[in-house]
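Asker: Dropping in input-v1.tsv, with TSV, C-alpha atoms.
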```tsv
chain	number	residue	atom	x	y	z
T	1098	MET	CA	-1.90	28.45	5.86
T	1099	ILE	CA	0.19	25.84	7.72
T	1100	SER	CA	-2.70	25.05	10.06
T	1101	PHE	CA	-4.98	24.55	7.05
T	1102	PHE	CA	-2.67	21.87	5.67
T	1103	SER	CA	-1.75	20.33	9.03
T	1104	GLN	CA	-5.28	19.37	10.06
T	1105	PRO	CA	-6.18	15.79	9.05
T	1106	TRP	CA	-7.19	15.64	5.37
T	1107	PRO	CA	-10.70	14.29	4.74
T	1108	TRP	CA	-11.24	11.16	2.65
T	1109	TRP	CA	-12.97	13.12	-0.12
T	1110	VAL	CA	-9.75	15.08	-0.66
T	1111	ALA	CA	-7.41	12.07	-0.50
T	1112	GLY	CA	-9.38	9.82	-2.90
T	1113	PRO	CA	-9.40	12.25	-5.85
T	1114	VAL	CA	-5.71	13.11	-5.24
T	1115	VAL	CA	-4.80	9.39	-5.34
T	1116	ALA	CA	-6.75	9.05	-8.62
T	1117	SER	CA	-4.84	12.07	-10.00
T	1118	VAL	CA	-1.53	10.46	-9.02
T	1119	MET	CA	-2.53	7.31	-10.93
T	1120	ILE	CA	-3.56	9.39	-13.99
T	1121	THR	CA	-0.35	11.48	-13.90
T	1122	LEU	CA	1.77	8.31	-13.97
T	1123	LEU	CA	-0.33	7.01	-16.90
T	1124	MET	CA	0.35	10.26	-18.76
T	1125	LEU	CA	4.06	9.77	-18.04
T	1126	GLY	CA	3.79	6.31	-19.60
T	1127	ARG	CA	4.01	4.32	-16.36
T	1128	THR	CA	1.56	2.24	-14.32
T	1129	PHE	CA	0.84	3.17	-10.69
T	1130	GLY	CA	1.83	0.31	-8.36
T	1131	VAL	CA	4.01	0.41	-5.25
T	1132	SER	CA	4.89	-3.26	-4.66
T	1133	GLY	CA	6.70	-3.50	-8.01
T	1134	SER	CA	9.49	-1.47	-6.39
T	1135	LEU	CA	10.11	-4.38	-3.99
T	1136	GLY	CA	10.95	-6.55	-7.00
T	1137	THR	CA	13.26	-3.84	-8.34
T	1138	ILE	CA	15.14	-3.75	-5.02
T	1139	CYS	CA	15.46	-7.58	-5.10
T	1140	ASN	CA	16.83	-7.29	-8.63
T	1141	ILE	CA	19.44	-4.69	-7.63
T	1142	GLY	CA	20.38	-6.85	-4.62
T	1143	GLY	CA	21.30	-9.73	-6.94
T	1144	ALA	CA	18.17	-11.89	-6.55
T	1145	GLY	CA	18.40	-12.75	-10.26
T	1146	LYS	CA	21.08	-15.33	-9.39
T	1147	LEU	CA	18.43	-17.53	-7.74
T	1148	ALA	CA	15.21	-16.39	-9.42
T	1149	PRO	CA	14.90	-15.67	-13.16
T	1150	MET	CA	12.06	-13.17	-12.66
T	1151	PHE	CA	14.57	-10.67	-11.23
T	1152	ARG	CA	16.94	-11.11	-14.18
T	1153	TYR	CA	16.41	-7.98	-16.29
T	1154	ASP	CA	17.99	-4.57	-16.61
T	1155	TRP	CA	16.72	-2.77	-13.50
T	1156	LYS	CA	17.52	0.64	-14.97
T	1157	ARG	CA	14.11	0.61	-16.68
T	1158	ASP	CA	12.57	0.61	-13.18
T	1159	ILE	CA	14.47	3.61	-11.79
T	1160	TRP	CA	11.27	5.67	-12.01
T	1161	ASN	CA	9.66	3.23	-9.56
T	1162	LEU	CA	12.40	3.79	-6.96
T	1163	LEU	CA	12.14	7.56	-7.41
T	1164	PHE	CA	8.38	7.32	-6.92
T	1165	VAL	CA	8.61	5.36	-3.64
T	1166	GLY	CA	11.51	7.61	-2.56
T	1167	GLY	CA	9.13	10.53	-3.10
T	1168	THR	CA	6.49	8.86	-0.90
T	1169	VAL	CA	9.06	8.61	1.93
T	1170	ILE	CA	9.71	12.36	1.61
T	1171	GLY	CA	5.93	12.95	1.56
T	1172	GLY	CA	5.64	10.93	4.77
T	1173	VAL	CA	8.46	12.93	6.41
T	1174	ILE	CA	6.75	16.23	5.52
T	1175	ALA	CA	3.35	15.02	6.75
T	1176	ILE	CA	4.73	13.68	10.04
T	1177	TRP	CA	7.43	16.23	10.94
T	1178	VAL	CA	6.45	19.47	9.16
T	1179	LEU	CA	2.65	19.26	9.16
T	1180	PRO	CA	1.66	17.25	12.27
T	1181	SER	CA	-1.97	17.78	13.32
T	1182	GLY	CA	-1.17	17.14	16.98
T	1183	GLN	CA	-4.60	15.54	17.34
T	1184	GLU	CA	-5.74	12.02	18.05
T	1185	ILE	CA	-7.10	10.15	15.02
T	1186	ALA	CA	-10.89	10.54	15.04
T	1187	LEU	CA	-11.59	6.82	15.35
T	1188	SER	CA	-15.08	5.44	15.87
T	1189	GLU	CA	-16.12	4.31	19.36
T	1190	GLY	CA	-16.55	0.74	18.14
T	1191	ALA	CA	-13.00	0.60	16.81
T	1192	ARG	CA	-11.59	2.01	20.09
T	1193	GLU	CA	-13.50	-0.61	22.02
T	1194	SER	CA	-12.03	-3.44	19.91
T	1195	PHE	CA	-8.51	-2.01	20.31
T	1196	GLY	CA	-9.10	-1.91	24.07
T	1197	GLN	CA	-9.80	-5.66	24.00
T	1198	MET	CA	-6.37	-6.06	22.38
T	1199	GLY	CA	-4.81	-4.06	25.21
T	1200	ILE	CA	-4.39	-0.87	23.17
T	1201	THR	CA	-6.01	2.00	25.05
T	1202	ASN	CA	-3.97	5.06	24.08
T	1203	GLY	CA	-1.52	6.49	21.55
T	1204	TYR	CA	-4.19	7.37	19.01
T	1205	ASP	CA	-2.22	10.51	18.09
T	1206	LYS	CA	0.36	8.19	16.46
T	1207	LEU	CA	-0.11	6.35	13.16
T	1208	GLY	CA	0.20	2.91	14.80
T	1209	PRO	CA	0.15	1.45	18.33
T	1210	GLU	CA	3.37	2.02	20.31
T	1211	ALA	CA	3.22	-1.58	21.54
T	1212	LEU	CA	3.47	-2.86	17.96
T	1213	PHE	CA	5.76	-0.37	16.22
T	1214	GLY	CA	7.38	1.84	18.89
T	1215	ALA	CA	10.50	1.36	21.01
T	1216	ALA	CA	8.70	-1.01	23.42
T	1217	ALA	CA	7.92	-3.38	20.53
T	1218	TRP	CA	11.55	-4.54	20.22
T	1219	THR	CA	11.19	-6.83	23.24
T	1220	SER	CA	7.72	-8.11	22.28
T	1221	TRP	CA	7.64	-11.45	20.47
T	1222	GLN	CA	4.16	-10.67	19.17
T	1223	ALA	CA	5.46	-7.55	17.45
T	1224	TRP	CA	8.24	-9.53	15.77
T	1225	VAL	CA	5.74	-12.12	14.52
T	1226	VAL	CA	3.54	-9.31	13.12
T	1227	TRP	CA	6.53	-7.67	11.37
T	1228	ILE	CA	8.04	-10.83	9.89
T	1229	VAL	CA	4.95	-12.92	9.09
T	1230	GLY	CA	2.87	-9.91	7.98
T	1231	GLY	CA	5.64	-8.40	5.86
T	1232	PHE	CA	6.46	-11.75	4.26
T	1233	ALA	CA	2.80	-12.44	3.36
T	1234	LEU	CA	2.48	-8.93	1.85
T	1235	GLY	CA	5.61	-9.25	-0.29
T	1236	PHE	CA	4.86	-12.82	-1.42
T	1237	GLY	CA	1.14	-12.22	-1.97
T	1238	ALA	CA	1.64	-8.98	-3.89
T	1239	ARG	CA	3.92	-10.61	-6.48
T	1240	TRP	CA	1.74	-13.74	-6.71
T	1241	ALA	CA	-1.34	-11.57	-7.33
T	1242	GLY	CA	0.68	-9.30	-9.63
T	1243	GLY	CA	0.02	-6.14	-7.64
T	1244	CYS	CA	-1.01	-4.58	-4.33
T	1245	THR	CA	-3.59	-2.07	-3.14
T	1246	SER	CA	-2.35	0.63	-5.53
T	1247	GLY	CA	-1.82	-1.61	-8.57
T	1248	HIS	CA	-5.05	-3.62	-8.34
T	1249	ALA	CA	-7.54	-1.72	-6.15
T	1250	ILE	CA	-6.78	1.71	-7.68
T	1251	THR	CA	-5.19	1.22	-11.12
T	1252	GLY	CA	-6.76	-2.10	-12.14
T	1253	LEU	CA	-10.28	-1.28	-10.96
T	1254	SER	CA	-10.07	2.14	-12.65
T	1255	HIS	CA	-9.41	0.26	-15.91
T	1256	LEU	CA	-12.32	-2.12	-15.17
T	1257	GLN	CA	-9.96	-5.11	-15.24
T	1258	TRP	CA	-11.72	-8.20	-13.86
T	1259	PRO	CA	-8.44	-9.83	-12.68
T	1260	SER	CA	-7.98	-6.82	-10.39
T	1261	LEU	CA	-11.49	-7.26	-9.04
T	1262	LEU	CA	-10.62	-10.87	-8.19
T	1263	ALA	CA	-7.43	-9.69	-6.47
T	1264	VAL	CA	-9.36	-7.07	-4.46
T	1265	VAL	CA	-11.89	-9.75	-3.42
T	1266	GLY	CA	-8.87	-11.73	-2.18
T	1267	PHE	CA	-7.41	-8.67	-0.40
T	1268	PHE	CA	-10.63	-8.09	1.52
T	1269	GLY	CA	-11.38	-11.77	2.08
T	1270	GLY	CA	-7.94	-12.34	3.58
T	1271	GLY	CA	-8.16	-9.08	5.50
T	1272	LEU	CA	-11.50	-9.96	7.07
T	1273	ILE	CA	-10.20	-13.37	8.17
T	1274	ALA	CA	-7.12	-11.81	9.77
T	1275	ALA	CA	-9.01	-8.92	11.38
T	1276	HIS	CA	-11.88	-10.98	12.81
T	1277	PHE	CA	-10.25	-14.32	13.66
T	1278	ILE	CA	-6.44	-14.13	13.73
T	1279	LEU	CA	-5.83	-10.75	15.43
T	1280	PRO	CA	-8.31	-11.25	18.33
T	1281	ALA	CA	-6.87	-14.73	19.01
T	1282	PHE	CA	-3.30	-13.43	18.75
T	1283	PHE	CA	-3.73	-10.40	21.04
T	1284	GLY	CA	-6.74	-11.51	23.07
J	105	MET	CA	13.47	16.38	-15.57
J	106	LYS	CA	11.22	13.39	-16.15
J	107	TYR	CA	12.90	11.62	-13.23
J	108	LEU	CA	12.17	14.61	-11.01
J	109	SER	CA	8.49	14.36	-11.93
J	110	PHE	CA	8.32	10.78	-10.56
J	111	LEU	CA	9.83	12.00	-7.28
J	112	ILE	CA	7.29	14.83	-7.04
J	113	VAL	CA	4.29	12.61	-7.88
J	114	GLY	CA	5.50	10.18	-5.21
J	115	LEU	CA	5.84	13.05	-2.72
J	116	VAL	CA	2.24	14.15	-3.38
J	117	PHE	CA	1.03	10.56	-2.94
J	118	GLY	CA	2.97	9.96	0.30
J	119	LEU	CA	1.98	13.34	1.76
J	120	THR	CA	-1.70	12.82	0.90
J	121	ILE	CA	-2.17	9.30	2.25
J	122	THR	CA	-0.23	10.17	5.42
J	123	LYS	CA	-2.21	13.37	6.10
J	124	ALA	CA	-5.43	11.46	5.38
J	125	GLU	CA	-4.37	8.81	7.95
J	126	ALA	CA	-4.59	6.08	5.28
J	127	VAL	CA	-1.18	4.83	6.48
J	128	SER	CA	-2.55	4.29	9.99
J	129	TRP	CA	-2.78	0.80	11.54
J	130	PHE	CA	-5.84	2.09	13.43
J	131	ARG	CA	-7.63	3.16	10.24
J	132	ILE	CA	-6.92	-0.17	8.51
J	133	GLN	CA	-8.31	-2.19	11.45
J	134	GLU	CA	-11.30	0.15	11.61
J	135	MET	CA	-11.93	-0.49	7.89
J	136	PHE	CA	-11.87	-4.29	8.27
J	137	GLN	CA	-14.28	-3.94	11.22
J	138	PHE	CA	-16.65	-1.80	9.07
J	139	GLN	CA	-16.63	0.81	11.85
J	140	SER	CA	-16.03	3.90	9.68
J	141	ILE	CA	-16.52	5.19	6.16
J	142	HIS	CA	-13.03	6.77	6.17
J	143	MET	CA	-10.92	4.18	4.29
J	144	PHE	CA	-13.82	3.05	2.09
J	145	GLY	CA	-14.30	6.71	1.18
J	146	ILE	CA	-10.64	7.15	0.20
J	147	ILE	CA	-10.41	3.96	-1.90
J	148	GLY	CA	-13.97	4.29	-3.23
J	149	SER	CA	-13.68	7.90	-4.35
J	150	ALA	CA	-10.25	7.19	-5.87
J	151	VAL	CA	-11.77	4.36	-7.93
J	152	VAL	CA	-14.83	6.41	-8.97
J	153	PHE	CA	-12.60	9.30	-10.12
J	154	GLY	CA	-10.17	6.81	-11.68
J	155	VAL	CA	-12.86	5.02	-13.71
J	156	LEU	CA	-14.24	8.33	-14.99
J	157	LEU	CA	-10.83	9.82	-15.86
J	158	VAL	CA	-9.52	6.67	-17.57
J	159	ALA	CA	-12.76	6.39	-19.61
J	160	LEU	CA	-12.50	10.07	-20.59
J	161	LEU	CA	-8.83	9.85	-21.62
J	162	ARG	CA	-9.56	6.73	-23.66
J	163	LYS	CA	-12.61	8.30	-25.33
J	164	LEU	CA	-10.53	11.35	-26.27
J	165	GLY	CA	-7.69	9.13	-27.51
J	166	VAL	CA	-5.15	10.96	-25.34
J	167	LYS	CA	-1.54	9.84	-25.77
J	168	ASN	CA	1.05	9.52	-23.00
J	169	ALA	CA	4.57	10.99	-22.89
J	170	ASP	CA	5.82	8.06	-24.99
J	171	GLY	CA	3.27	8.77	-27.74
J	172	GLN	CA	1.11	5.74	-26.96
J	173	LEU	CA	-2.59	5.67	-26.10
J	174	VAL	CA	-3.15	6.13	-22.37
J	175	GLY	CA	-4.19	3.09	-20.34
J	176	GLU	CA	-2.96	0.01	-18.56
J	177	ALA	CA	-2.29	-3.15	-20.59
J	178	PRO	CA	-4.83	-5.97	-20.04
J	179	LYS	CA	-3.82	-8.28	-17.19
J	180	GLN	CA	-3.11	-11.99	-17.61
J	181	PRO	CA	-6.42	-13.92	-17.48
J	182	SER	CA	-6.35	-16.21	-14.45
J	183	VAL	CA	-8.40	-16.92	-11.37
J	184	VAL	CA	-6.16	-18.80	-8.96
J	185	ARG	CA	-3.22	-16.36	-8.89
J	186	TYR	CA	-5.44	-13.36	-8.13
J	187	LEU	CA	-7.56	-15.09	-5.48
J	188	ALA	CA	-4.72	-17.03	-3.81
J	189	GLY	CA	-2.12	-14.27	-4.01
J	190	GLY	CA	-4.74	-11.67	-3.13
J	191	THR	CA	-5.93	-13.60	-0.06
J	192	LEU	CA	-2.36	-14.06	1.19
J	193	PHE	CA	-1.77	-10.34	0.69
J	194	GLY	CA	-5.02	-9.51	2.50
J	195	LEU	CA	-4.05	-11.69	5.48
J	196	GLY	CA	-0.81	-9.72	5.77
J	197	TRP	CA	-2.58	-6.39	5.25
J	198	ALA	CA	-4.87	-6.83	8.27
J	199	PHE	CA	-2.43	-8.84	10.42
J	200	ALA	CA	0.24	-6.13	10.24
J	201	GLY	CA	-2.21	-3.26	9.60
J	202	ILE	CA	0.04	-2.12	6.79
J	203	CYS	CA	0.48	-2.52	3.01
J	204	PRO	CA	3.42	-1.65	0.71
J	205	SER	CA	1.94	1.76	-0.25
J	206	MET	CA	1.67	2.63	3.45
J	207	LEU	CA	5.09	1.29	4.40
J	208	PHE	CA	7.24	3.79	2.50
J	209	PRO	CA	5.61	6.94	3.96
J	210	LEU	CA	5.75	5.27	7.40
J	211	LEU	CA	9.54	5.01	7.06
J	212	GLY	CA	9.28	8.79	7.50
J	213	THR	CA	8.37	8.24	11.18
J	214	GLY	CA	12.00	7.19	11.70
J	215	LEU	CA	10.87	4.07	13.60
J	216	PRO	CA	13.19	1.13	12.80
J	217	SER	CA	10.32	-1.39	13.15
J	218	TYR	CA	9.15	-0.34	9.68
J	219	LEU	CA	12.58	-1.21	8.28
J	220	VAL	CA	12.20	-4.73	9.67
J	221	ILE	CA	8.82	-4.99	7.89
J	222	LEU	CA	10.42	-3.71	4.67
J	223	GLY	CA	13.04	-6.45	5.01
J	224	ALA	CA	10.30	-9.08	5.50
J	225	MET	CA	8.43	-7.76	2.44
J	226	LEU	CA	11.61	-8.03	0.36
J	227	LEU	CA	12.15	-11.57	1.65
J	228	GLY	CA	8.57	-12.46	0.67
J	229	THR	CA	9.02	-10.92	-2.80
J	230	PHE	CA	12.30	-12.79	-3.30
J	231	SER	CA	10.85	-16.10	-2.03
J	232	TYR	CA	7.96	-15.80	-4.49
J	233	GLY	CA	10.50	-15.39	-7.28
J	234	VAL	CA	12.31	-18.57	-6.18
J	235	VAL	CA	9.20	-20.79	-6.05
J	236	ARG	CA	7.16	-19.06	-8.78
J	237	ASP	CA	7.35	-21.92	-11.29
J	238	ARG	CA	5.98	-24.36	-8.71
J	239	LEU	CA	2.90	-22.25	-7.87
J	240	PRO	CA	-0.44	-22.24	-9.74
J	241	HIS	CA	-1.05	-19.11	-11.80
```
Kindly return the structure encoded in the file as structure tokens.
Answerer:
Amino acid sequence: MISFFSQPWPWWVAGPVVASVMITLLMLGRTFGVSGSLGTICNIGGAGKLAPMFRYDWKRDIWNLLFVGGTVIGGVIAIWVLPSGQEIALSEGARESFGQMGITNGYDKLGPEALFGAAAWTSWQAWVVWIVGGFALGFGARWAGGCTSGHAITGLSHLQWPSLLAVVGFFGGGLIAAHFILPAFFG
Amino acid sequence: MKYLSFLIVGLVFGLTITKAEAVSWFRIQEMFQFQSIHMFGIIGSAVVFGVLLVALLRKLGVKNADGQLVGEAPKQPSVVRYLAGGTLFGLGWAFAGICPSMLFPLLGTGLPSYLVILGAMLLGTFSYGVVRDRLPH
């Protein structure tokens, strides 16, 4: 039983489950979107003093914090209770490109040790990735009015053309970073 | 009771995308390199199921827990905010190999680096709020 759940889950299981999560939240009268919780946390932290968009009663967003809190617990269960113990079954081409960035092992983890593990604390490149990447994600998500979950899953499922534009932006920006910025930064 | 349901739905989401490796830096880079169907399969099948289920619920006139018709409200019509904000988000997505949906389950690794990224995301969110009126939307 445990070994059945601890092996890596295939994409054709995860996709329909994600759609069901989105539908369940709709039935509960809420809209699936993770980055909105970042705004809620800003609100609770007093950001409304400097930015009017965070000036509202945050209690209406408690559900959002419970939802992301639940995803942390889900991550803990997946990582500590149900580890597969296997390397991620990456394609040869992807491994080759990681090798050019100096990443040749640690595929049993969710991210490279050099970027997210203990060794990363003394790497200036890791700090740039954390700060610049995180800042762009937080800023861009609010500017676009949503992130991968809000636009790519919820918005596209409702055939909303603004979400299609946002997803075009997500992938356009992603391709630029993956093909031009990352190789130059780590190469 | 309703609050508990949000926690449980979140747990299912976090567990699923972590077990399916959708929170992995490696899988995100592999996606942007078009080296595997894995991430496209997850997002693509979620959207296909989502489109079908939303259409079905709307056709049946199903109401949500608040007694209103199921479905997301139409988004603000605009081009620049979605393309500009989306592109900035995408740059961060591939540069850090992470997105907000992935970050929260990754906090479960216990690695403090993900807390630094959470702090940077909050700073970005807050900064957008400060300069929002000066940006095109």
Asker: I want to know what sits within 8 Å of segment 1187-1203 of chain T, based on all atoms listed in the file, with residues of the same chain fewer than 6 positions away left out; could you give that as a VMD selection string?
Answerer: (chain T and resid 1209 to 1211 1280 1283 to 1284) or (chain J and resid 130 to 131 133 to 134 137 139 to 140)
Asker: Using only C-alpha atoms, can you tell me which of J:Leu211, J:Leu195, J:Val166, J:Met143 comes closest to Gly118 of chain J?
Answerer: J:Leu211
Asker: Using only C-alpha atoms, find the one residue out of T:Ile1176, T:Ala1241, T:Val1225, T:Ile1278 that sits nearest to Ser1260 of chain T.
Answerer: T:Ala1241
Asker: Using Å and a single decimal, report how far atom CA of Thr1128 of chain T sits from atom CA of Leu227 of chain J.
Answerer: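 Answer for the atom CA of Leu227 of chain J to atom CA of Thr1128 of chain T separation: 23.6 Å.
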Asker: For chain T, which of J:Ala198, J:Leu219, J:Ile132, J:Leu108 is the closest residue, counting all atoms listed in the file?
Answerer: J:Ala198
Asker: Would you work out the distance separating atom CA of Arg162 of chain J from atom CA of Tyr186 of chain J, expressed in Å to one decimal?
Answerer: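 Rounded to one decimal, the two atoms are 25.7 Å apart.
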Asker: Suppose you want the space between atom CA of Phe1164 of chain T and atom CA of Phe110 of chain J; what is it in Å?
Answerer: 5.0 Å
Asker: Some atoms are missing, so please complete segment 1180-1190 of chain T with all heavy atoms and return it as a PDB file, in the coordinates of the input.
Answerer:
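As written to disk, rebuild.pdb reads:
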```pdb
ATOM      1  N   PRO T1180       2.407  18.125  11.358  1.00  0.00           N
ATOM      2  CA  PRO T1180       1.660  17.250  12.270  1.00  0.00           C
ATOM      3  C   PRO T1180       0.377  17.943  12.746  1.00  0.00           C
ATOM      4  O   PRO T1180       0.374  19.159  12.972  1.00  0.00           O
ATOM      5  CB  PRO T1180       2.632  17.040  13.433  1.00  0.00           C
ATOM      6  CG  PRO T1180       3.463  18.287  13.455  1.00  0.00           C
ATOM      7  CD  PRO T1180       3.583  18.737  12.011  1.00  0.00           C
ATOM      8  N   SER T1181      -0.712  17.163  12.866  1.00  0.00           N
ATOM      9  CA  SER T1181      -1.970  17.780  13.320  1.00  0.00           C
ATOM     10  C   SER T1181      -1.962  17.936  14.837  1.00  0.00           C
ATOM     11  O   SER T1181      -2.648  18.806  15.375  1.00  0.00           O
ATOM     12  CB  SER T1181      -3.158  16.914  12.890  1.00  0.00           C
ATOM     13  OG  SER T1181      -3.170  15.712  13.631  1.00  0.00           O
ATOM     14  N   GLY T1182      -1.197  17.083  15.521  1.00  0.00           N
ATOM     15  CA  GLY T1182      -1.170  17.140  16.980  1.00  0.00           C
ATOM     16  C   GLY T1182      -2.444  16.608  17.620  1.00  0.00           C
ATOM     17  O   GLY T1182      -2.631  16.710  18.822  1.00  0.00           O
ATOM     18  N   GLN T1183      -3.327  16.048  16.798  1.00  0.00           N
ATOM     19  CA  GLN T1183      -4.600  15.540  17.340  1.00  0.00           C
ATOM     20  C   GLN T1183      -4.596  14.019  17.318  1.00  0.00           C
ATOM     21  O   GLN T1183      -3.859  13.404  16.571  1.00  0.00           O
ATOM     22  CB  GLN T1183      -5.779  15.995  16.459  1.00  0.00           C
ATOM     23  CG  GLN T1183      -5.875  17.472  16.259  1.00  0.00           C
ATOM     24  CD  GLN T1183      -6.874  17.817  15.151  1.00  0.00           C
ATOM     25  OE1 GLN T1183      -7.736  17.013  14.794  1.00  0.00           O
ATOM     26  NE2 GLN T1183      -6.755  19.012  14.605  1.00  0.00           N
ATOM     27  N   GLU T1184      -5.496  13.450  18.138  1.00  0.00           N
ATOM     28  CA  GLU T1184      -5.740  12.020  18.050  1.00  0.00           C
ATOM     29  C   GLU T1184      -6.531  11.734  16.780  1.00  0.00           C
ATOM     30  O   GLU T1184      -7.322  12.560  16.331  1.00  0.00           O
ATOM     31  CB  GLU T1184      -6.558  11.540  19.254  1.00  0.00           C
ATOM     32  CG  GLU T1184      -5.766  11.488  20.543  1.00  0.00           C
ATOM     33  CD  GLU T1184      -6.494  10.676  21.605  1.00  0.00           C
ATOM     34  OE1 GLU T1184      -7.690  10.388  21.416  1.00  0.00           O
ATOM     35  OE2 GLU T1184      -5.847  10.345  22.617  1.00  0.00           O
ATOM     36  N   ILE T1185      -6.313  10.555  16.189  1.00  0.00           N
ATOM     37  CA  ILE T1185      -7.100  10.150  15.020  1.00  0.00           C
ATOM     38  C   ILE T1185      -8.556   9.978  15.460  1.00  0.00           C
ATOM     39  O   ILE T1185      -8.821   9.387  16.506  1.00  0.00           O
ATOM     40  CB  ILE T1185      -6.538   8.845  14.421  1.00  0.00           C
ATOM     41  CG1 ILE T1185      -5.110   9.104  13.902  1.00  0.00           C
ATOM     42  CG2 ILE T1185      -7.431   8.325  13.302  1.00  0.00           C
ATOM     43  CD1 ILE T1185      -4.413   7.869  13.378  1.00  0.00           C
ATOM     44  N   ALA T1186      -9.464  10.548  14.678  1.00  0.00           N
ATOM     45  CA  ALA T1186     -10.890  10.540  15.040  1.00  0.00           C
ATOM     46  C   ALA T1186     -11.507   9.177  14.755  1.00  0.00           C
ATOM     47  O   ALA T1186     -12.315   9.016  13.841  1.00  0.00           O
ATOM     48  CB  ALA T1186     -11.625  11.645  14.283  1.00  0.00           C
ATOM     49  N   LEU T1187     -11.105   8.189  15.567  1.00  0.00           N
ATOM     50  CA  LEU T1187     -11.590   6.820  15.350  1.00  0.00           C
ATOM     51  C   LEU T1187     -12.993   6.666  15.921  1.00  0.00           C
ATOM     52  O   LEU T1187     -13.388   7.374  16.857  1.00  0.00           O
ATOM     53  CB  LEU T1187     -10.649   5.824  16.044  1.00  0.00           C
ATOM     54  CG  LEU T1187      -9.228   5.777  15.487  1.00  0.00           C
ATOM     55  CD1 LEU T1187      -8.282   5.167  16.513  1.00  0.00           C
ATOM     56  CD2 LEU T1187      -9.183   4.995  14.189  1.00  0.00           C
ATOM     57  N   SER T1188     -13.741   5.712  15.366  1.00  0.00           N
ATOM     58  CA  SER T1188     -15.080   5.440  15.870  1.00  0.00           C
ATOM     59  C   SER T1188     -14.986   4.775  17.244  1.00  0.00           C
ATOM     60  O   SER T1188     -13.978   4.164  17.592  1.00  0.00           O
ATOM     61  CB  SER T1188     -15.828   4.532  14.902  1.00  0.00           C
ATOM     62  OG  SER T1188     -15.153   3.294  14.814  1.00  0.00           O
ATOM     63  N   GLU T1189     -16.061   4.917  18.022  1.00  0.00           N
ATOM     64  CA  GLU T1189     -16.120   4.310  19.360  1.00  0.00           C
ATOM     65  C   GLU T1189     -15.950   2.795  19.284  1.00  0.00           C
ATOM     66  O   GLU T1189     -15.242   2.193  20.082  1.00  0.00           O
ATOM     67  CB  GLU T1189     -17.457   4.648  20.028  1.00  0.00           C
ATOM     68  CG  GLU T1189     -17.440   5.947  20.824  1.00  0.00           C
ATOM     69  CD  GLU T1189     -16.252   6.047  21.776  1.00  0.00           C
ATOM     70  OE1 GLU T1189     -16.010   5.086  22.530  1.00  0.00           O
ATOM     71  OE2 GLU T1189     -15.550   7.079  21.740  1.00  0.00           O
ATOM     72  N   GLY T1190     -16.607   2.182  18.290  1.00  0.00           N
ATOM     73  CA  GLY T1190     -16.550   0.740  18.140  1.00  0.00           C
ATOM     74  C   GLY T1190     -15.131   0.246  17.916  1.00  0.00           C
ATOM     75  O   GLY T1190     -14.708  -0.770  18.474  1.00  0.00           O
TER      76      GLY T1190
END
```
